[in-house]
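A.B. asks: run.json is reproduced below (JSON, C-alpha atoms).
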[["chain", "number", "residue", "atom", "x", "y", "z"],
["A", 1, "MET", "CA", 149.03, 126.71, 47.51],
["A", 2, "ARG", "CA", 148.36, 124.51, 50.54],
["A", 3, "TYR", "CA", 146.56, 127.40, 52.29],
["A", 4, "CYS", "CA", 144.46, 128.08, 49.21],
["A", 5, "PHE", "CA", 143.44, 124.40, 48.96],
["A", 6, "ALA", "CA", 142.67, 124.21, 52.72],
["A", 7, "SER", "CA", 140.62, 127.41, 52.56],
["A", 8, "LEU", "CA", 138.68, 126.14, 49.54],
["A", 9, "LEU", "CA", 138.02, 122.79, 51.26],
["A", 10, "LEU", "CA", 136.83, 124.50, 54.48],
["A", 11, "PHE", "CA", 134.57, 126.83, 52.48],
["A", 12, "SER", "CA", 133.08, 123.87, 50.56],
["A", 13, "ILE", "CA", 132.37, 121.98, 53.80],
["A", 14, "LEU", "CA", 130.70, 125.02, 55.34],
["A", 15, "VAL", "CA", 128.49, 125.62, 52.30],
["A", 16, "ALA", "CA", 127.50, 121.96, 52.10],
["A", 17, "SER", "CA", 126.65, 121.79, 55.81],
["A", 18, "CYS", "CA", 124.50, 124.92, 55.59],
["A", 19, "GLN", "CA", 122.52, 123.46, 52.72],
["A", 20, "ASN", "CA", 121.71, 120.26, 54.62],
["A", 21, "THR", "CA", 120.86, 121.88, 57.96],
["A", 22, "PRO", "CA", 117.12, 121.67, 58.69],
["A", 23, "ASP", "CA", 115.34, 124.75, 59.97],
["A", 24, "PRO", "CA", 115.59, 124.46, 63.77],
["A", 25, "SER", "CA", 112.16, 126.05, 64.29],
["A", 26, "PRO", "CA", 109.80, 125.01, 61.50],
["A", 27, "ALA", "CA", 106.59, 127.00, 61.46],
["A", 28, "THR", "CA", 103.53, 125.15, 62.72],
["A", 29, "PRO", "CA", 100.87, 125.32, 60.04],
["A", 30, "GLU", "CA", 97.85, 127.37, 61.04],
["A", 31, "ILE", "CA", 94.69, 125.37, 61.67],
["A", 32, "PRO", "CA", 91.97, 126.55, 59.27],
["A", 33, "PHE", "CA", 88.67, 127.80, 60.70],
["A", 34, "ARG", "CA", 85.70, 125.49, 60.07],
["A", 35, "VAL", "CA", 82.17, 126.89, 59.84],
["A", 36, "ASP", "CA", 80.14, 124.32, 61.77],
["A", 37, "GLY", "CA", 77.14, 126.52, 62.52],
["A", 38, "SER", "CA", 75.89, 129.97, 63.35],
["A", 39, "LEU", "CA", 75.14, 131.82, 66.57],
["A", 40, "ASP", "CA", 72.94, 134.84, 67.25],
["A", 41, "PHE", "CA", 73.27, 137.15, 70.24],
["A", 42, "VAL", "CA", 69.75, 137.91, 71.43],
["A", 43, "ARG", "CA", 68.45, 140.76, 73.56],
["A", 44, "MET", "CA", 64.77, 141.03, 74.51],
["A", 45, "ASP", "CA", 63.99, 138.18, 72.06],
["A", 46, "GLU", "CA", 65.53, 140.10, 69.13],
["A", 47, "PRO", "CA", 68.76, 139.03, 67.39],
["A", 48, "VAL", "CA", 71.37, 141.79, 67.66],
["A", 49, "LEU", "CA", 74.36, 140.13, 65.98],
["A", 50, "SER", "CA", 75.18, 136.89, 64.12],
["A", 51, "LEU", "CA", 78.43, 134.91, 63.97],
["A", 52, "ASN", "CA", 79.73, 131.89, 62.13],
["A", 53, "ILE", "CA", 80.96, 129.38, 64.69],
["A", 54, "GLU", "CA", 83.38, 126.51, 64.82],
["A", 55, "ILE", "CA", 82.13, 123.96, 67.34],
["A", 56, "ALA", "CA", 84.45, 122.27, 69.84],
["A", 57, "ASP", "CA", 82.43, 119.31, 71.10],
["A", 58, "THR", "CA", 85.05, 116.62, 71.77],
["A", 59, "ASP", "CA", 87.81, 116.50, 74.37],
["A", 60, "SER", "CA", 90.43, 116.89, 71.64],
["A", 61, "LEU", "CA", 88.75, 119.90, 70.01],
["A", 62, "ARG", "CA", 88.07, 121.55, 73.37],
["A", 63, "GLU", "CA", 91.67, 121.06, 74.45],
["A", 64, "ARG", "CA", 93.06, 122.57, 71.24],
["A", 65, "GLY", "CA", 90.59, 125.48, 71.10],
["A", 66, "MET", "CA", 92.22, 128.51, 69.48],
["A", 67, "MET", "CA", 95.79, 127.35, 70.20],
["A", 68, "GLN", "CA", 98.28, 128.16, 67.44],
["A", 69, "ARG", "CA", 95.77, 130.29, 65.53],
["A", 70, "THR", "CA", 96.64, 133.85, 64.70],
["A", 71, "SER", "CA", 93.27, 135.14, 63.52],
["A", 72, "PHE", "CA", 89.53, 134.68, 63.32],
["A", 73, "PRO", "CA", 87.59, 135.20, 60.11],
["A", 74, "PRO", "CA", 85.35, 138.30, 60.40],
["A", 75, "GLU", "CA", 82.23, 137.81, 62.54],
["A", 76, "SER", "CA", 83.20, 134.38, 63.84],
["A", 77, "GLY", "CA", 83.88, 132.56, 67.08],
["A", 78, "MET", "CA", 84.48, 129.14, 68.63],
["A", 79, "LEU", "CA", 81.69, 127.55, 70.68],
["A", 80, "PHE", "CA", 82.66, 124.94, 73.29],
["A", 81, "LEU", "CA", 79.92, 122.43, 74.12],
["A", 82, "PHE", "CA", 79.88, 120.50, 77.39],
["A", 83, "ASP", "CA", 77.56, 117.74, 78.68],
["A", 84, "HIS", "CA", 76.52, 119.55, 81.83],
["A", 85, "GLN", "CA", 76.63, 122.92, 83.53],
["A", 86, "GLU", "CA", 79.40, 123.67, 86.03],
["A", 87, "PHE", "CA", 82.03, 126.29, 86.78],
["A", 88, "ARG", "CA", 84.39, 126.34, 83.79],
["A", 89, "GLN", "CA", 88.14, 126.90, 83.69],
["A", 90, "PHE", "CA", 90.08, 127.92, 80.57],
["A", 91, "TRP", "CA", 93.67, 129.01, 79.90],
["A", 92, "MET", "CA", 95.51, 130.71, 77.04],
["A", 93, "SER", "CA", 98.56, 128.45, 76.76],
["A", 94, "ASN", "CA", 99.83, 128.41, 73.15],
["A", 95, "THR", "CA", 97.09, 130.88, 72.14],
["A", 96, "PRO", "CA", 98.62, 133.89, 70.36],
["A", 97, "LEU", "CA", 95.40, 135.95, 70.32],
["A", 98, "SER", "CA", 93.73, 137.97, 73.04],
["A", 99, "LEU", "CA", 90.23, 136.55, 73.51],
["A", 100, "ASP", "CA", 86.91, 137.43, 75.12],
["A", 101, "LEU", "CA", 85.21, 134.39, 76.69],
["A", 102, "PHE", "CA", 81.45, 134.27, 77.15],
["A", 103, "PHE", "CA", 80.26, 131.75, 79.74],
["A", 104, "ILE", "CA", 76.73, 130.63, 78.87],
["A", 105, "SER", "CA", 74.24, 128.75, 81.07],
["A", 106, "ASN", "CA", 71.86, 125.87, 80.26],
["A", 107, "ASP", "CA", 69.14, 128.35, 79.29],
["A", 108, "SER", "CA", 71.50, 130.14, 76.83],
["A", 109, "THR", "CA", 72.00, 133.22, 79.01],
["A", 110, "ILE", "CA", 75.45, 134.82, 79.19],
["A", 111, "VAL", "CA", 76.30, 134.52, 82.89],
["A", 112, "ASP", "CA", 79.91, 135.79, 82.82],
["A", 113, "ILE", "CA", 82.35, 137.44, 80.42],
["A", 114, "SER", "CA", 86.12, 137.35, 80.67],
["A", 115, "LYS", "CA", 87.51, 140.15, 78.51],
["A", 116, "TYR", "CA", 90.91, 140.54, 76.86],
["A", 117, "ALA", "CA", 92.38, 137.21, 78.01],
["A", 118, "LYS", "CA", 96.16, 137.50, 77.84],
["A", 119, "PRO", "CA", 97.86, 135.54, 75.01],
["A", 120, "TYR", "CA", 100.14, 132.63, 76.01],
["A", 121, "SER", "CA", 99.12, 132.89, 79.68],
["A", 122, "ASP", "CA", 98.91, 129.79, 81.89],
["A", 123, "GLU", "CA", 96.76, 131.72, 84.38],
["A", 124, "ALA", "CA", 93.36, 130.08, 84.86],
["A", 125, "ILE", "CA", 90.28, 131.90, 83.61],
["A", 126, "VAL", "CA", 87.48, 130.65, 85.84],
["A", 127, "SER", "CA", 83.81, 131.46, 85.30],
["A", 128, "ASN", "CA", 81.99, 133.32, 88.07],
["A", 129, "ALA", "CA", 78.88, 131.20, 87.47],
["A", 130, "PRO", "CA", 78.17, 127.68, 86.21],
["A", 131, "ALA", "CA", 78.16, 127.39, 82.41],
["A", 132, "LYS", "CA", 77.33, 124.69, 79.89],
["A", 133, "PHE", "CA", 78.75, 126.53, 76.87],
["A", 134, "VAL", "CA", 81.71, 128.85, 76.33],
["A", 135, "LEU", "CA", 82.15, 131.11, 73.32],
["A", 136, "GLU", "CA", 85.59, 132.47, 72.38],
["A", 137, "VAL", "CA", 85.83, 135.55, 70.17],
["A", 138, "PRO", "CA", 88.58, 138.08, 69.49],
["A", 139, "GLY", "CA", 89.60, 140.24, 72.45],
["A", 140, "GLY", "CA", 87.57, 143.45, 72.63],
["A", 141, "PHE", "CA", 84.52, 141.89, 70.98],
["A", 142, "ALA", "CA", 82.24, 142.29, 74.02],
["A", 143, "ASP", "CA", 83.08, 145.99, 74.38],
["A", 144, "THR", "CA", 83.01, 146.76, 70.66],
["A", 145, "LYS", "CA", 79.71, 144.95, 70.01],
["A", 146, "GLY", "CA", 78.06, 145.87, 73.32],
["A", 147, "ILE", "CA", 77.39, 142.28, 74.43],
["A", 148, "VAL", "CA", 76.73, 142.06, 78.18],
["A", 149, "VAL", "CA", 75.91, 139.55, 80.93],
["A", 150, "GLY", "CA", 72.20, 138.78, 80.66],
["A", 151, "ASP", "CA", 72.14, 138.72, 76.85],
["A", 152, "GLN", "CA", 71.27, 135.35, 75.38],
["A", 153, "VAL", "CA", 72.51, 133.26, 72.48],
["A", 154, "ARG", "CA", 70.81, 130.96, 69.99],
["A", 155, "TRP", "CA", 72.93, 128.66, 67.89],
["A", 156, "VAL", "CA", 72.44, 125.99, 65.24],
["A", 157, "ARG", "CA", 74.78, 123.42, 63.78],
["A", 158, "HIS", "CA", 74.92, 123.35, 59.97]]
Give the structure from this file in structure tokens form.

C.D. replies:
Amino acid sequence: MRYCFASLLLFSILVASCQNTPDPSPATPEIPFRVDGSLDFVRMDEPVLSLNIEIADTDSLRERGMMQRTSFPPESGMLFLFDHQEFRQFWMSNTPLSLDLFFISNDSTIVDISKYAKPYSDEAIVSNAPAKFVLEVPGGFADTKGIVVGDQVRWVRH
């Protein structure tokens, strides 16, 4: 009888403790994509492709970028705006997606493309030319859509 009571007590304690134990790794909620504007890729003064863009124009938004996001809506990207043109450095820390990064000069010309950036990498992605804007899109976008260095972009904020 004593063993039965002790077993029942131990079982009750275990069940109660399991019910009150918080999840040790709560999921971080995904950050929804905002449509702040649109961007056209332009070749020989003709638009070749349009995207919806989320604009990262503050230190906080630029720092967060695509971190903790697991997808892009179709035909969309994130445009980073900076005050002046210089060599740019990005990294993929806490970014679960492979990305293509387009480095864009003052005159809206794509001056460098970094393709298939590795998810979660702390390795620096440094532009080969000064850029004032950087556009992030899903990895493989440049190859799939045929966007190359020398193409231009036009964008508007909505």

A.B. asks: List the spatial neighbours of Glu54 in chain A as a list in words - criterion: any atom at most 8 Å away, all atoms listed in the file, same-chain residues fewer than 3 positions off excluded.

C.D. replies: Phe33, Arg34, Val35, Asp36, Gly37, Ser76, Gly77, Met78 and Leu79 of chain A

A.B. asks: Would you compute the distance between CA of Ser105 in chain A and CA of Gln152 in chain A? Give it in Å to one decimal.

C.D. replies: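 Interatomic distance, CA of Ser105 in chain A to CA of Gln152 in chain A: 9.2 Å.
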
A.B. asks: How many Å separate CA of Phe72 in chain A from CA of Ser114 in chain A?

C.D. replies: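 Separating CA of Phe72 in chain A from CA of Ser114 in chain A is a distance of 17.9 Å.
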
A.B. asks: With all atoms listed in the file as the counted atoms, please give the residues lying no more than 10 Å from Val48 in chain A, apart from itself and same-chain residues fewer than 2 positions off, as a list in words.

C.D. replies: Asp40, Phe41, Val42, Arg43, Met44, Asp45, Glu46, Ser50, Lys145, Gly146, Ile147, Asp151 and Val153 of chain A

A.B. asks: Which of these, A:Asp112, A:Asp143, A:Glu136, A:Glu86, has the shortest distance to Leu51 in chain A once you count all atoms listed in the file?

C.D. replies: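 The answer is A:Glu136, which sits nearest to Leu51 in chain A.
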
A.B. asks: Would you fill the gaps in range 122-136 of chain A so it has N, CA and C atoms, then print it as a PDB file, keeping the file's coordinate frame?

C.D. replies:
ATOM      1  N   ASP A 122      99.323 131.035  81.227  1.00  0.00           N
ATOM      2  CA  ASP A 122      98.910 129.790  81.890  1.00  0.00           C
ATOM      3  C   ASP A 122      97.971 130.071  83.055  1.00  0.00           C
ATOM      4  N   GLU A 123      97.658 131.348  83.285  1.00  0.00           N
ATOM      5  CA  GLU A 123      96.760 131.720  84.380  1.00  0.00           C
ATOM      6  C   GLU A 123      95.342 131.240  84.070  1.00  0.00           C
ATOM      7  N   ALA A 124      94.708 130.611  85.046  1.00  0.00           N
ATOM      8  CA  ALA A 124      93.360 130.080  84.860  1.00  0.00           C
ATOM      9  C   ALA A 124      92.340 131.202  84.723  1.00  0.00           C
ATOM     10  N   ILE A 125      91.430 131.009  83.774  1.00  0.00           N
ATOM     11  CA  ILE A 125      90.280 131.900  83.610  1.00  0.00           C
ATOM     12  C   ILE A 125      89.082 131.083  84.070  1.00  0.00           C
ATOM     13  N   VAL A 126      88.539 131.432  85.218  1.00  0.00           N
ATOM     14  CA  VAL A 126      87.480 130.650  85.840  1.00  0.00           C
ATOM     15  C   VAL A 126      86.180 131.444  85.793  1.00  0.00           C
ATOM     16  N   SER A 127      85.109 130.788  85.375  1.00  0.00           N
ATOM     17  CA  SER A 127      83.810 131.460  85.300  1.00  0.00           C
ATOM     18  C   SER A 127      83.316 131.801  86.704  1.00  0.00           C
ATOM     19  N   ASN A 128      82.587 132.910  86.800  1.00  0.00           N
ATOM     20  CA  ASN A 128      81.990 133.320  88.070  1.00  0.00           C
ATOM     21  C   ASN A 128      80.643 132.658  88.330  1.00  0.00           C
ATOM     22  N   ALA A 129      80.168 131.890  87.359  1.00  0.00           N
ATOM     23  CA  ALA A 129      78.880 131.200  87.470  1.00  0.00           C
ATOM     24  C   ALA A 129      78.980 129.907  86.661  1.00  0.00           C
ATOM     25  N   PRO A 130      78.157 128.925  86.986  1.00  0.00           N
ATOM     26  CA  PRO A 130      78.170 127.680  86.210  1.00  0.00           C
ATOM     27  C   PRO A 130      77.778 127.951  84.743  1.00  0.00           C
ATOM     28  N   ALA A 131      78.423 127.231  83.834  1.00  0.00           N
ATOM     29  CA  ALA A 131      78.160 127.390  82.410  1.00  0.00           C
ATOM     30  C   ALA A 131      78.176 126.032  81.721  1.00  0.00           C
ATOM     31  N   LYS A 132      77.345 125.899  80.710  1.00  0.00           N
ATOM     32  CA  LYS A 132      77.330 124.690  79.890  1.00  0.00           C
ATOM     33  C   LYS A 132      78.043 124.916  78.563  1.00  0.00           C
ATOM     34  N   PHE A 133      78.115 126.164  78.138  1.00  0.00           N
ATOM     35  CA  PHE A 133      78.750 126.530  76.870  1.00  0.00           C
ATOM     36  C   PHE A 133      79.729 127.672  77.122  1.00  0.00           C
ATOM     37  N   VAL A 134      80.771 127.731  76.293  1.00  0.00           N
ATOM     38  CA  VAL A 134      81.710 128.850  76.330  1.00  0.00           C
ATOM     39  C   VAL A 134      81.967 129.269  74.895  1.00  0.00           C
ATOM     40  N   LEU A 135      81.885 130.564  74.643  1.00  0.00           N
ATOM     41  CA  LEU A 135      82.150 131.110  73.320  1.00  0.00           C
ATOM     42  C   LEU A 135      83.410 131.959  73.380  1.00  0.00           C
ATOM     43  N   GLU A 136      84.376 131.656  72.500  1.00  0.00           N
ATOM     44  CA  GLU A 136      85.590 132.470  72.380  1.00  0.00           C
ATOM     45  C   GLU A 136      85.499 133.308  71.116  1.00  0.00           C
TER      46      GLU A 136
END
